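Pasting input03.tsv here (TSV, C-alpha atoms and all ligand atoms):
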chain	number	residue	atom	x	y	z
O	129	MET	CA	139.17	53.38	100.99
O	130	ASN	CA	139.72	57.13	101.35
O	131	LYS	CA	141.56	58.24	104.47
O	132	PRO	CA	139.32	60.29	106.79
O	133	PRO	CA	140.29	63.94	107.36
O	134	LEU	CA	142.64	64.58	110.27
O	135	LEU	CA	139.90	66.52	112.07
O	136	GLU	CA	136.19	66.53	111.41
O	137	VAL	CA	133.68	68.64	113.32
O	138	ASN	CA	129.99	67.91	112.66
O	139	ARG	CA	126.98	69.91	113.86
O	140	LEU	CA	128.89	71.16	116.91
O	141	VAL	CA	126.80	72.89	119.58
O	142	LYS	CA	128.01	74.63	122.74
O	143	HIS	CA	125.62	76.72	124.84
O	144	PHE	CA	126.72	78.23	128.16
O	145	LEU	CA	123.94	78.41	130.74
O	146	ILE	CA	123.63	81.66	132.66
O	147	ARG	CA	122.51	81.15	136.21
O	148	GLY	CA	120.75	83.93	138.06
O	149	GLY	CA	118.01	84.90	140.50
O	150	LEU	CA	117.75	84.00	144.16
O	151	LEU	CA	117.42	80.26	143.59
O	152	GLY	CA	120.23	80.13	141.06
O	153	GLY	CA	117.92	78.97	138.25
O	154	ILE	CA	118.77	79.22	134.58
O	155	ALA	CA	118.40	82.87	133.49
O	156	GLY	CA	119.43	82.34	129.88
O	157	ARG	CA	121.88	80.65	127.58
O	158	VAL	CA	124.74	81.96	125.48
O	159	ARG	CA	124.65	80.21	122.13
O	160	ALA	CA	128.40	80.31	121.63
O	161	VAL	CA	128.50	77.64	118.89
O	162	ASP	CA	125.44	76.48	116.99
O	163	ASP	CA	125.41	73.68	114.44
O	164	LEU	CA	128.92	74.23	113.13
O	165	GLY	CA	130.94	71.87	110.98
O	166	PHE	CA	134.18	71.68	108.98
O	167	ALA	CA	136.98	69.27	108.15
O	168	LEU	CA	140.72	69.79	108.30
O	169	GLU	CA	143.16	67.68	106.31
O	170	ARG	CA	146.69	66.69	107.33
O	171	GLY	CA	149.16	69.45	106.56
O	172	GLU	CA	146.40	71.99	105.93
O	173	THR	CA	145.85	75.40	107.49
O	174	LEU	CA	142.26	76.49	108.07
O	175	SER	CA	141.63	79.93	109.52
O	176	LEU	CA	138.56	80.50	111.65
O	177	VAL	CA	137.88	84.23	111.43
O	178	GLY	CA	135.28	86.45	113.06
O	179	GLU	CA	134.71	89.33	115.47
O	180	SER	CA	135.13	88.89	119.18
O	181	GLY	CA	132.00	87.09	120.43
O	182	SER	CA	131.60	84.98	117.28
O	183	GLY	CA	132.40	81.75	119.18
O	184	LYS	CA	135.65	80.87	117.40
O	185	SER	CA	137.73	80.35	120.56
O	186	THR	CA	134.99	78.11	122.00
O	187	VAL	CA	135.35	75.92	118.91
O	188	GLY	CA	139.10	75.54	119.54
O	189	ARG	CA	138.68	74.74	123.23
O	190	THR	CA	135.90	72.25	122.52
O	191	ILE	CA	138.06	70.37	120.00
O	192	LEU	CA	140.80	70.05	122.62
O	193	GLY	CA	138.32	68.78	125.21
O	194	LEU	CA	138.89	71.79	127.48
O	195	ILE	CA	135.11	72.38	127.19
O	196	ARG	CA	132.49	69.65	126.72
O	197	PRO	CA	130.21	70.16	123.70
O	198	ASP	CA	126.42	70.02	124.12
O	199	GLY	CA	125.85	68.42	120.76
O	200	GLY	CA	127.51	67.28	117.58
O	201	GLU	CA	130.58	65.17	116.98
O	202	ILE	CA	134.34	65.69	116.80
O	203	TRP	CA	136.48	63.09	115.01
O	204	LEU	CA	140.27	62.83	114.97
O	205	ASP	CA	141.74	60.57	112.31
O	206	GLY	CA	138.49	58.62	111.98
O	207	ALA	CA	137.94	58.13	115.74
O	208	ARG	CA	135.27	60.00	117.66
O	209	ILE	CA	136.79	62.04	120.51
O	210	ASP	CA	134.06	64.31	121.90
O	211	GLN	CA	132.88	61.72	124.42
O	212	LEU	CA	136.24	60.53	125.73
O	213	SER	CA	137.10	60.67	129.43
O	214	ARG	CA	139.36	63.47	130.61
O	215	ALA	CA	142.24	61.00	131.04
O	216	ARG	CA	141.95	59.73	127.45
O	217	MET	CA	141.60	63.29	126.23
O	218	ARG	CA	144.82	64.22	128.06
O	219	ALA	CA	146.62	61.38	126.26
O	220	LEU	CA	145.32	62.71	122.94
O	221	ARG	CA	146.89	66.11	123.65
O	222	GLN	CA	150.10	64.65	122.29
O	223	ARG	CA	148.45	64.91	118.87
O	224	MET	CA	146.66	68.24	119.40
O	225	GLN	CA	148.31	71.28	120.92
O	226	ILE	CA	147.30	74.91	121.41
O	227	VAL	CA	149.14	78.22	121.33
O	228	PHE	CA	147.29	81.01	123.16
O	229	GLN	CA	147.36	84.78	122.65
O	230	ASP	CA	149.22	85.33	125.92
O	231	PRO	CA	152.17	82.94	126.27
O	232	PHE	CA	152.33	83.76	130.00
O	233	SER	CA	149.11	81.80	130.46
O	234	SER	CA	150.78	78.64	129.15
O	235	LEU	CA	154.40	79.16	130.30
O	236	ASN	CA	155.20	78.70	133.96
O	237	PRO	CA	157.12	81.89	134.89
O	238	ARG	CA	159.24	79.98	137.42
O	239	LEU	CA	160.44	77.35	134.96
O	240	SER	CA	163.44	77.90	132.70
O	241	VAL	CA	162.84	77.45	128.99
O	242	ARG	CA	164.65	74.10	129.26
O	243	ASP	CA	162.22	72.90	131.94
O	244	CYS	CA	159.20	74.30	130.01
O	245	LEU	CA	160.21	72.22	126.99
O	246	ALA	CA	161.27	69.17	129.01
O	247	GLU	CA	157.83	68.90	130.64
O	248	PRO	CA	155.84	67.75	127.57
O	249	LEU	CA	158.74	65.47	126.54
O	250	ALA	CA	158.54	63.77	129.95
O	251	ASN	CA	154.71	63.73	130.02
O	252	PHE	CA	154.53	61.84	126.76
O	253	GLY	CA	157.69	59.75	127.23
O	254	LEU	CA	159.38	61.30	124.20
O	255	ALA	CA	162.99	61.51	125.36
O	256	ARG	CA	164.92	58.70	126.99
O	257	GLY	CA	167.71	59.99	129.17
O	258	LYS	CA	169.24	63.41	129.68
O	259	ALA	CA	171.29	63.49	126.47
O	260	GLU	CA	168.28	62.76	124.26
O	261	ARG	CA	166.16	65.29	126.13
O	262	GLU	CA	168.85	67.95	125.74
O	263	ARG	CA	169.20	67.21	122.02
O	264	ARG	CA	165.43	67.46	121.54
O	265	ILE	CA	165.27	70.76	123.46
O	266	PHE	CA	168.01	72.25	121.27
O	267	ASP	CA	166.22	70.97	118.14
O	268	LEU	CA	163.05	72.73	119.28
O	269	LEU	CA	164.90	76.00	119.92
O	270	ASP	CA	166.48	75.71	116.45
O	271	GLN	CA	163.06	75.11	114.90
O	272	VAL	CA	161.64	78.34	116.36
O	273	MET	CA	164.89	80.20	115.68
O	274	LEU	CA	165.87	80.97	119.25
O	275	PRO	CA	169.51	80.69	120.38
O	276	ARG	CA	170.34	77.56	122.36
O	277	ALA	CA	171.46	79.77	125.26
O	278	ALA	CA	167.74	80.62	125.69
O	279	ALA	CA	167.32	77.23	127.43
O	280	ASP	CA	168.81	78.59	130.68
O	281	ARG	CA	166.62	81.68	130.89
O	282	LEU	CA	163.16	82.39	132.35
O	283	PRO	CA	160.16	83.43	130.20
O	284	HIS	CA	160.07	87.00	131.58
O	285	GLU	CA	163.56	87.64	130.18
O	286	PHE	CA	162.19	87.49	126.62
O	287	SER	CA	160.20	89.89	124.43
O	288	GLY	CA	156.57	89.12	123.53
O	289	GLY	CA	157.56	87.67	120.15
O	290	GLN	CA	160.30	85.51	121.68
O	291	ARG	CA	157.89	84.25	124.35
O	292	GLN	CA	155.49	83.25	121.60
O	293	ARG	CA	158.36	81.34	119.92
O	294	ILE	CA	158.88	79.48	123.22
O	295	ALA	CA	155.14	78.69	123.38
O	296	ILE	CA	155.31	77.38	119.79
O	297	ALA	CA	158.38	75.25	120.65
O	298	ARG	CA	156.46	73.83	123.61
O	299	ALA	CA	153.49	73.05	121.38
O	300	LEU	CA	155.84	71.31	118.90
O	301	ALA	CA	157.56	69.25	121.62
O	302	PRO	CA	155.07	66.32	121.61
O	303	ARG	CA	155.26	66.16	117.78
O	304	PRO	CA	151.55	66.92	117.30
O	305	ASP	CA	149.55	66.47	114.10
O	306	LEU	CA	147.48	69.58	114.80
O	307	ILE	CA	148.19	72.93	116.47
O	308	ILE	CA	145.35	75.29	117.29
O	309	CYS	CA	146.62	78.89	117.31
O	310	ASP	CA	144.09	80.93	119.29
O	311	GLU	CA	144.73	84.62	118.46
O	312	ALA	CA	148.41	83.61	118.74
O	313	VAL	CA	149.75	86.79	117.11
O	314	SER	CA	147.03	89.29	118.06
O	315	ALA	CA	148.97	90.91	120.92
O	316	LEU	CA	152.21	91.36	118.95
O	317	ASP	CA	153.56	94.40	117.09
O	318	VAL	CA	153.03	94.40	113.33
O	319	SER	CA	156.61	93.40	112.38
O	320	VAL	CA	156.81	90.68	115.07
O	321	LYS	CA	153.38	89.44	113.98
O	322	ALA	CA	154.71	88.94	110.45
O	323	GLN	CA	157.78	87.06	111.76
O	324	ILE	CA	155.64	84.65	113.80
O	325	ILE	CA	153.24	84.12	110.87
O	326	ASN	CA	156.23	83.30	108.61
O	327	LEU	CA	157.62	80.95	111.24
O	328	LEU	CA	154.28	79.12	111.54
O	329	ALA	CA	153.99	78.87	107.74
O	330	ASP	CA	157.53	77.42	107.51
O	331	LEU	CA	156.94	74.94	110.34
O	332	GLN	CA	153.62	73.91	108.83
O	333	LYS	CA	155.32	73.06	105.52
O	334	GLU	CA	158.44	71.50	107.03
O	335	LEU	CA	156.63	69.28	109.54
O	336	GLY	CA	153.40	68.66	107.61
O	337	LEU	CA	151.40	70.07	110.52
O	338	ALA	CA	147.72	70.92	110.35
O	339	LEU	CA	146.95	74.36	111.77
O	340	LEU	CA	143.61	75.68	112.94
O	341	PHE	CA	144.34	79.39	113.05
O	342	ILE	CA	141.79	81.38	115.06
O	343	SER	CA	141.86	85.13	114.45
O	344	HIS	CA	139.65	88.21	114.44
O	345	ASP	CA	141.77	89.68	111.63
O	346	LEU	CA	141.39	88.51	108.03
O	347	ALA	CA	144.48	90.45	106.94
O	348	ILE	CA	146.70	88.34	109.23
O	349	VAL	CA	145.66	84.99	107.78
O	350	GLU	CA	146.08	85.81	104.10
O	351	HIS	CA	149.69	84.66	103.77
O	352	LEU	CA	149.38	81.63	106.00
O	353	THR	CA	146.14	79.89	105.27
O	354	HIS	CA	144.89	77.42	102.66
O	355	ARG	CA	141.21	77.85	103.51
O	356	ILE	CA	139.11	80.34	105.46
O	357	ALA	CA	135.96	79.80	107.53
O	358	VAL	CA	134.20	83.03	108.52
O	359	MET	CA	132.17	82.83	111.73
O	360	TYR	CA	129.32	85.02	112.87
O	361	LEU	CA	127.33	84.49	116.07
O	362	GLY	CA	128.33	80.87	116.55
O	363	GLN	CA	127.95	79.74	112.96
O	364	ILE	CA	130.11	79.49	109.84
O	365	VAL	CA	128.68	81.91	107.28
O	366	GLU	CA	131.28	81.31	104.57
O	367	ILE	CA	133.97	78.71	103.98
O	368	GLY	CA	136.27	78.21	101.04
O	369	PRO	CA	139.77	78.28	99.59
O	370	ARG	CA	141.70	81.42	100.52
O	371	ASP	CA	141.98	82.90	97.03
O	372	ALA	CA	138.31	82.35	96.27
O	373	VAL	CA	137.19	83.94	99.56
O	374	PHE	CA	139.54	86.91	99.14
O	375	SER	CA	138.75	87.56	95.48
O	376	ARG	CA	135.06	86.57	95.32
O	377	PRO	CA	133.45	86.68	98.78
O	378	GLN	CA	129.92	85.28	98.72
O	379	HIS	CA	128.63	86.47	102.09
O	380	PRO	CA	127.97	90.16	102.92
O	381	TYR	CA	129.76	89.77	106.28
O	382	THR	CA	132.94	88.47	104.58
O	383	GLU	CA	132.66	91.27	102.04
O	384	ALA	CA	132.53	93.83	104.87
O	385	LEU	CA	135.49	92.25	106.72
O	386	LEU	CA	137.51	92.19	103.50
O	387	SER	CA	136.72	95.82	102.75
O	388	ALA	CA	138.85	96.75	105.78
O	389	VAL	CA	141.87	94.69	104.63
O	390	PRO	CA	144.54	96.90	103.01
O	391	MET	CA	145.34	95.99	99.37
O	392	PRO	CA	148.97	95.10	98.57
O	393	ASP	CA	148.94	97.70	95.77
O	394	PRO	CA	148.15	101.08	97.44
O	395	GLU	CA	146.76	102.36	94.08
O	396	THR	CA	143.98	99.76	94.22
O	397	LYS	CA	141.26	100.52	96.71
O	398	ARG	CA	138.34	98.45	97.96
O	399	ARG	CA	134.97	100.05	98.64
O	400	ARG	CA	134.88	100.30	102.46
O	401	ILE	CA	131.73	98.75	103.96
O	402	VAL	CA	131.05	99.88	107.51
O	403	LEU	CA	128.63	97.59	109.32
O	404	ALA	CA	125.95	99.22	111.45
O	405	GLY	CA	126.04	98.48	115.18
O	406	ASP	CA	127.82	95.78	117.11
O	407	ILE	CA	127.53	92.03	116.84
O	408	PRO	CA	124.23	91.09	118.63
O	409	SER	CA	124.39	89.17	121.89
O	410	PRO	CA	124.75	85.39	121.47
O	411	ARG	CA	122.20	85.19	124.35
O	412	ASN	CA	119.54	86.29	121.95
O	413	PRO	CA	120.63	85.86	118.33
O	414	PRO	CA	118.34	87.36	115.66
O	415	GLN	CA	115.73	85.10	114.04
O	416	GLY	CA	116.17	84.07	110.41
O	417	CYS	CA	119.60	85.01	109.12
O	418	ARG	CA	121.63	85.97	112.20
O	419	PHE	CA	123.37	88.70	110.19
O	420	HIS	CA	120.15	90.40	109.09
O	421	THR	CA	120.31	93.21	111.69
O	422	ARG	CA	123.56	94.48	110.14
O	423	CYS	CA	123.35	93.34	106.54
O	424	PRO	CA	123.31	96.10	103.89
O	425	TYR	CA	121.34	93.81	101.52
O	426	VAL	CA	118.68	92.50	103.94
O	427	PHE	CA	115.23	91.69	102.49
O	428	ASP	CA	112.05	90.19	103.94
O	429	ARG	CA	112.97	86.51	103.64
O	430	CYS	CA	116.19	87.10	105.64
O	431	ARG	CA	114.20	88.04	108.76
O	432	VAL	CA	112.28	84.75	108.91
O	433	GLU	CA	114.33	82.05	107.23
O	434	ALA	CA	117.84	80.99	108.22
O	435	PRO	CA	119.96	80.39	105.11
O	436	ALA	CA	121.89	77.11	104.81
O	437	LEU	CA	125.54	76.95	103.71
O	438	ARG	CA	125.45	76.36	99.97
O	439	GLY	CA	127.48	77.03	96.89
O	440	PRO	CA	129.41	75.46	94.10
O	441	GLY	CA	132.17	73.03	95.11
O	442	THR	CA	134.20	73.83	98.18
O	443	HIS	CA	133.30	77.54	98.37
O	444	ARG	CA	130.03	77.90	100.27
O	445	ALA	CA	128.13	80.70	102.00
O	446	ALA	CA	124.98	80.96	104.12
O	447	CYS	CA	123.04	83.68	102.30
O	448	HIS	CA	119.76	83.81	100.40
O	449	LEU	CA	121.37	85.91	97.67
O	450	ASP	CA	122.76	84.05	94.65
O	451	ALA	CA	125.39	86.74	94.15
O	452	LEU	CA	126.42	89.85	96.06
O	453	PRO	CA	125.18	93.09	94.48
O	454	GLY	CA	128.07	94.63	92.56
O	455	ALA	CA	130.08	91.37	92.50
K	501	LIG	FE1	122.13	89.50	104.22
K	501	LIG	FE2	119.90	88.18	103.80
K	501	LIG	FE3	122.19	87.17	102.98
K	501	LIG	FE4	121.60	87.26	105.56
K	501	LIG	S1	120.54	86.06	104.00
K	501	LIG	S2	123.51	87.79	104.64
K	501	LIG	S3	120.51	89.19	105.70
K	501	LIG	S4	121.23	89.05	102.24

Representation of the structure as structure tokens:
Amino acid sequence: MNKPPLLEVNRLVKHFLIRGGLLGGIAGRVRAVDDLGFALERGETLSLVGESGSGKSTVGRTILGLIRPDGGEIWLDGARIDQLSRARMRALRQRMQIVFQDPFSSLNPRLSVRDCLAEPLANFGLARGKAERERRIFDLLDQVMLPRAAADRLPHEFSGGQRQRIAIARALAPRPDLIICDEAVSALDVSVKAQIINLLADLQKELGLALLFISHDLAIVEHLTHRIAVMYLGQIVEIGPRDAVFSRPQHPYTEALLSAVPMPDPETKRRRIVLAGDIPSPRNPPQGCRFHTRCPYVFDRCRVEAPALRGPGTHRAACHLDALPGA
């Protein structure tokens, strides 16, 4: 029998209710995630890419059980996890960790790096005795390429990139199968960004980790990811292997995002596609294709009929067009 994927998300729905008025009734709902699905294999990196407001961070938090979904299913290693109690979900965190954009939100500023790293080891019973704990802490610092002397210092004594290395070491401490990186390099300078991306790529290969890499920037994920899922207004509009998505995008939104990514060869230029307007509010997404208000190729059918994800093999897009004009 085939092994199930490490992570499987089926028809996931998360709507946030907006309360308002004098009686505190429901004034509306934000459709943050609507009927979204994907699978992630062991040792694979999938990047979830989209503008701010596309719902990608909600997907990450829902997988970790930090937010309860309103519909759909989440499976880890063949076991359904979206309906587990908070206590059972906490136990599962050993297998699923997250690295946030701002390491200060996950690192206690009053704890030394040693204590930050010792905490998950103690929580999950992963080091017996002081000597084993110390050895494990030094191993973690080696893995993220920080000097062992860093163990005695506080998070504020480090640069942004070094703090993110500490956050990655902390995420690695429980020996997880999956790390969700939620805009984990977005706040860093370009050169530091590249160093952290290289570090994550090396760790992913060395440890056989699965990474769900959430980012608003397609250019960042190119050298790290195996597959890309592009999100727009709570839905995946294109998903496929990295090279196929980069070289032959099938959705106009992906095409527009890619047109802003610099080419490695400065002599080669992409035709820049500037999308009109901002992403519509997820409180009131457009009927039909949700991208139709900004799509340069919109036609009548797009305004009334929502396209399903379709395509040959593993590269699929949600668009009524069979091919992009000019492709
Ligand atoms: Fe554009 Fe229509 Fe395709 Fe939507 S379905 S992306 S509006 S062409």

Find, counting all atoms listed in the file, the residue in O:Gly178, O:Pro377, O:Pro275, O:Pro304 that gets nearest to Leu346 in chain O.
O:Gly178

Using only C-alpha atoms and all ligand atoms, which protein or nucleic acid residues are at most 10 Å from ligand LIG 501 (chain K), as a ChimeraX atom specification?
/O:365,378-382,416-436,445-453

Go ahead and write the selection's residues with C-alpha atoms as a short mmCIF file (atom, residue, chain, number, x, y, z; two decimals), in the frame of the given file.
data_model
loop_
_atom_site.label_atom_id
_atom_site.label_comp_id
_atom_site.auth_asym_id
_atom_site.auth_seq_id
_atom_site.Cartn_x
_atom_site.Cartn_y
_atom_site.Cartn_z
CA VAL O 365 128.68 81.91 107.28
CA GLN O 378 129.92 85.28 98.72
CA HIS O 379 128.63 86.47 102.09
CA PRO O 380 127.97 90.16 102.92
CA TYR O 381 129.76 89.77 106.28
CA THR O 382 132.94 88.47 104.58
CA GLY O 416 116.17 84.07 110.41
CA CYS O 417 119.60 85.01 109.12
CA ARG O 418 121.63 85.97 112.20
CA PHE O 419 123.37 88.70 110.19
CA HIS O 420 120.15 90.40 109.09
CA THR O 421 120.31 93.21 111.69
CA ARG O 422 123.56 94.48 110.14
CA CYS O 423 123.35 93.34 106.54
CA PRO O 424 123.31 96.10 103.89
CA TYR O 425 121.34 93.81 101.52
CA VAL O 426 118.68 92.50 103.94
CA PHE O 427 115.23 91.69 102.49
CA ASP O 428 112.05 90.19 103.94
CA ARG O 429 112.97 86.51 103.64
CA CYS O 430 116.19 87.10 105.64
CA ARG O 431 114.20 88.04 108.76
CA VAL O 432 112.28 84.75 108.91
CA GLU O 433 114.33 82.05 107.23
CA ALA O 434 117.84 80.99 108.22
CA PRO O 435 119.96 80.39 105.11
CA ALA O 436 121.89 77.11 104.81
CA ALA O 445 128.13 80.70 102.00
CA ALA O 446 124.98 80.96 104.12
CA CYS O 447 123.04 83.68 102.30
CA HIS O 448 119.76 83.81 100.40
CA LEU O 449 121.37 85.91 97.67
CA ASP O 450 122.76 84.05 94.65
CA ALA O 451 125.39 86.74 94.15
CA LEU O 452 126.42 89.85 96.06
CA PRO O 453 125.18 93.09 94.48
#

Excluding Ser319 in chain O and any residue of its chain fewer than 6 positions from it, enumerate the residues within 12 Å of it, using all atoms listed in the file, and give them as a PDB file with C-alpha atoms, in the frame of the given file.
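Contents of result.pdb, freshly written:
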ATOM      1  CA  GLY O 288     156.570  89.120 123.530  1.00  0.00           C
ATOM      2  CA  GLY O 289     157.560  87.670 120.150  1.00  0.00           C
ATOM      3  CA  VAL O 313     149.750  86.790 117.110  1.00  0.00           C
ATOM      4  CA  ILE O 325     153.240  84.120 110.870  1.00  0.00           C
ATOM      5  CA  ASN O 326     156.230  83.300 108.610  1.00  0.00           C
ATOM      6  CA  ILE O 348     146.700  88.340 109.230  1.00  0.00           C
TER       7      ILE O 348
END

If you count all atoms listed in the file, which residues fall within 10 Å of Ser343 in chain O, apart from same-chain ones fewer than 2 positions away, as an mmCIF file with C-alpha atoms, keeping the file's coordinate frame?
data_model
loop_
_atom_site.group_PDB
_atom_site.id
_atom_site.type_symbol
_atom_site.label_atom_id
_atom_site.label_comp_id
_atom_site.auth_asym_id
_atom_site.auth_seq_id
_atom_site.Cartn_x
_atom_site.Cartn_y
_atom_site.Cartn_z
ATOM 1 C CA SER O 175 141.630 79.930 109.520
ATOM 2 C CA LEU O 176 138.560 80.500 111.650
ATOM 3 C CA VAL O 177 137.880 84.230 111.430
ATOM 4 C CA GLY O 178 135.280 86.450 113.060
ATOM 5 C CA GLU O 179 134.710 89.330 115.470
ATOM 6 C CA SER O 180 135.130 88.890 119.180
ATOM 7 C CA LYS O 184 135.650 80.870 117.400
ATOM 8 C CA SER O 185 137.730 80.350 120.560
ATOM 9 C CA GLN O 229 147.360 84.780 122.650
ATOM 10 C CA CYS O 309 146.620 78.890 117.310
ATOM 11 C CA ASP O 310 144.090 80.930 119.290
ATOM 12 C CA GLU O 311 144.730 84.620 118.460
ATOM 13 C CA ALA O 312 148.410 83.610 118.740
ATOM 14 C CA VAL O 313 149.750 86.790 117.110
ATOM 15 C CA SER O 314 147.030 89.290 118.060
ATOM 16 C CA LEU O 340 143.610 75.680 112.940
ATOM 17 C CA PHE O 341 144.340 79.390 113.050
ATOM 18 C CA ASP O 345 141.770 89.680 111.630
ATOM 19 C CA LEU O 346 141.390 88.510 108.030
ATOM 20 C CA ALA O 347 144.480 90.450 106.940
ATOM 21 C CA ILE O 348 146.700 88.340 109.230
ATOM 22 C CA VAL O 349 145.660 84.990 107.780
ATOM 23 C CA VAL O 358 134.200 83.030 108.520
#

Residues within 10 Å of Gly368 in chain O, all atoms listed in the file, excluding chain neighbours under 5 positions, as number ranges by chain:
O: 174, 354-358, 373-374, 377-378, 439, 441-445

Using Å and a single decimal, report how far CA of Ile367 in chain O sits from CA of Glu383 in chain O.
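If I compute the distance from CA of Glu383 in chain O to CA of Ile367 in chain O, I get 12.8 Å.
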
9 Å contact set for Leu327 in chain O, all atoms listed in the file, chain neighbours under 6 positions out, as a ChimeraX atom specification:
/O:271-273,293

Quick one: pull the distance between CA of Pro414 in chain O and CA of Ser182 in chain O, Å, one decimal.
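Here the two named atoms are 13.6 Å from each other.
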